[in-house]
Each structure stands twice: as structure tokens, then as C-alpha cells.
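> First, the structure itself, so that you have it in front of you.
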Amino acid sequence: MSLSSKAATAVWFLRRPAFWRHGAELVRRKLIRNMDGPEWQLEARRWAEERAAPVQAALEAVGLLKQGKSLPDLSPALLAEAERLAKLATAPMGGAGDLALIHAAARLSYTQRAIETGVAYGWSSLAILAALAENGNGRLVSVDMPYPKMNNEAFVGIVVPDALRANWTLVRLPDRNGLKRAIAEFGGSIDFAHYDSDKSYYGRGFAYPLIWQALVPGGVFISDDIQDNMRFAEFVGEKGVPFAVTECAGRYVGICRKA
């Protein structure tokens with residue numbers, strides 16, 4: 001990053017007091033051991049690659065789907081409408097992720113109280129909200145920090161149609177503030193969490209325990225891009241819970257359930 005770009009980023013944070021703590025955390029990480037370096041990424045990718053399974057097998061492994069049962073699918077009409085809405089965006093953001101896994105996990109766990117981090121166009125939000133509607137009720141609280149200098153805030157969640165927005169709350173804060181607020185929206189107890197924001201080792205080290213503490217027994221936790229570092233691998237090892245890994249477009253997604 002050039003000096004001028006660094007200065008612009010610093011100014012962006014200075015003008016937004018609500019994000020000062022997050023900015024200080026980013027600076028702190030520059031001064032400590034890098035757990036996101038190439039050697040750790042290689043180890044994490046190997047770990048995920050060796051365990052990757054189809055969505056059906058992954059859901060069976062965590063006890064959400066019985067063998068031989070079919071997956072609940074996202075509505076083709078809903079996906080077509082989302083694709084139409086996505087074309088209205090003029091600023092690029094992240095991709096869709098493993099929508100089949102996210103939707104099926106939320107549907108099969110009969111989720112009512114869901115949180116997620118990292119919204120971008122809102123593909124994962126769409127998958128969760130569709131499952132909540134199919135479950136008959138429920139609410140999603142999403143946390144998404146504004147993107148410094150990118151001017152794409154207007155397109156956050158753009159693929160979510162109006163019909164699904166009534167049960168959706170979007171919190172525009174960094175994880176360190178936003179996650180606590182999202183969990184508090186449900187009185188401290190949640191059924192489902194999808195994590196797709198700060199993917200650094202230390203960011204996950206903060207968020208994973210916070211989410212896990214809020215999950216009810218049998219609750220579902222999904223984390224995207226687990227090939228970036230070893231934090232998910234370490235976490236499921238520490239907790240000793242059923243878990244599985246899926247692969248989507250060369251990236252890996254981890255899922256586990258609280259015993």
C-alpha cells in the first residue's frame with residue numbers, strides 16, 4: 001500500500017470515531033506474530049482440502065441431515081430475482097459463497113434467531129432469510145462494516161428482495177462492536193451464525209468465542225474461507241464438536257454444531 005493510500009485510510013478512520021477501536025486493532029496486528037502468512041495459509045488449505053466433502057455429506061456429518069434425504073433447495077425464482085438485482089450494482093464486492101450449505105443448514109436446524117457478519121451484496125443474507133421464511137418465522141441480524149474509500153455502501157445487501165427484508169436488521173459497525181449488538185438483539189442466545197468478515201487469525205480469535213458463547217445447544221456455526229489460516233481447525237479441535245468442510249469455487253467453508 002502506498003504512502004498516500006495509507007494516509008487516505010487513516011483519514012477515513014479518523015473521521016469516524018465509531019471505528020477508532022477497529023483501526024487501532026489493525027495497527028496492533030502489524031506489530032505481532034503473523035499467523036496469516038504463506039506457511040500458515042498452505043497448512044490451512046491442506047487441512048481443509050483433506051477434509052472437504054459435498055454439502056450433503058457435510059450436513060450428515062454434523063447431524064443436520066439423515067442419510068438418503070434430499071437437500072432443501074433455494075427457490076430458482078428467488079435466485080433469478082437476486083441475479084437481476086445484482087446487475088444493478090455498479091461497484092464490485094465479494095462473491096456468493098456456498099449458498100446451498102448456508103440455506104440448507106439454516107433450514108434443517110429450524111433456525112429462528114440468526115446472525116451473520118460480512119454482507120457485501122447479501123447472497124448469504126438471502127440464503128438465510130429464505131430459510132427463515134420457510135421455517136415459518138425468524139429474524140436475521142447482519143453485521144457489515146462500511147468499506148473504506150470504496151463508496152459501495154449503497155449496494156450492501158442489494159440482492160435481498162423487498163419481500164424478505166421485514167425480518168432483517170443490518171448493523172453497520174465493525175465486528176468488535178457490531179457482533180455484540182447483533183447478539184444482544186436476541187437477548188444473548190442465537191440458533192445460527194455465519195461468519196464472513198474479518199478473516200484474519202486474530203479477527204477470528206475474537207469473534208469465534210463470542211459467537212460460540214451465544215449459540216444454544218445444537219446451534220450451527222459456519223465460517224467462510226477457512227483456508228486463510230488455521231483458526232477454524234484449531235477452534236473445532238479445542239471444542240471437540242462435530243464439524244465438516246465443503247469446497248466452493250476453490251475456497252473452503254467450515255461448519256460445526258454446538259453439543
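Letters for chains follow the order of the C-alpha cells (A, B, ...), residue numbers begin at 1 for each chain, and ligand numbers begin at 1 in the order shown.
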Which residues, written as a PyMOL selection string, have at least one atom at most 8 Å from range 61-63 of chain A, with only C-alpha atoms counted and residues fewer than 2 positions away on the same chain left out?
chain A and resi 57-59+65-66+242-244+255-257
> Compile the contact shell of Glu39 in chain A as a compact mmCIF listing (two decimals) with N, CA and C atoms, in the first residue's frame: residues with an atom at most 12 Å away, counting only C-alpha atoms, same-chain residues fewer than 5 positions apart removed.

# COMPACT_ATOMS: atom_id res chain seq x y z
N ASN A 34 2.70 -12.88 12.74
CA ASN A 34 1.77 -13.04 11.62
C ASN A 34 1.33 -14.50 11.51
N ALA A 44 -3.31 -24.49 6.30
CA ALA A 44 -4.76 -24.43 6.44
C ALA A 44 -5.46 -24.97 5.20
N ARG A 45 -4.93 -24.64 4.03
CA ARG A 45 -5.53 -25.14 2.80
C ARG A 45 -5.42 -26.67 2.72
N ARG A 46 -4.29 -27.20 3.09
CA ARG A 46 -4.12 -28.65 3.09
C ARG A 46 -5.09 -29.31 4.06
N GLN A 227 -9.50 -21.59 4.66
CA GLN A 227 -8.16 -21.89 4.15
C GLN A 227 -7.19 -20.73 4.38
N ASP A 228 -7.67 -19.60 4.88
CA ASP A 228 -6.80 -18.43 5.06
C ASP A 228 -5.83 -18.59 6.21
N ASN A 229 -6.20 -19.35 7.23
CA ASN A 229 -5.34 -19.59 8.38
C ASN A 229 -5.89 -20.79 9.15
N MET A 230 -5.24 -21.16 10.24
CA MET A 230 -5.59 -22.38 10.96
C MET A 230 -6.60 -22.15 12.09
> Range 82-89 of chain A: which residues within 9 Å, counting only C-alpha atoms, same-chain residues fewer than 5 positions away excluded, as an MDAnalysis selection string?
chainID A and resid 77 121 123 126 152 154:155 158:161
> Which residues are close to Val216 in chain A, i.e. within 9 Å by only C-alpha atoms, leaving aside same-chain residues fewer than 5 positions away? Reply as a PyMOL selection string.
chain A and resi 189-192+258-259
> Rank nothing, just name the residue among A:Asp225, A:Ala184, A:Ala106, A:Gln213 nearest to Leu132 in chain A, using only C-alpha atoms.
A:Ala106
> Please return as an NGL selection string: the residues of range 17-207 of chain A that backbone DSSP assigns to alpha helix (DSSP H).
:A and (20-29 or 38-51 or 55-61 or 76-86 or 99-108 or 123-135 or 175-184 or 201-207)
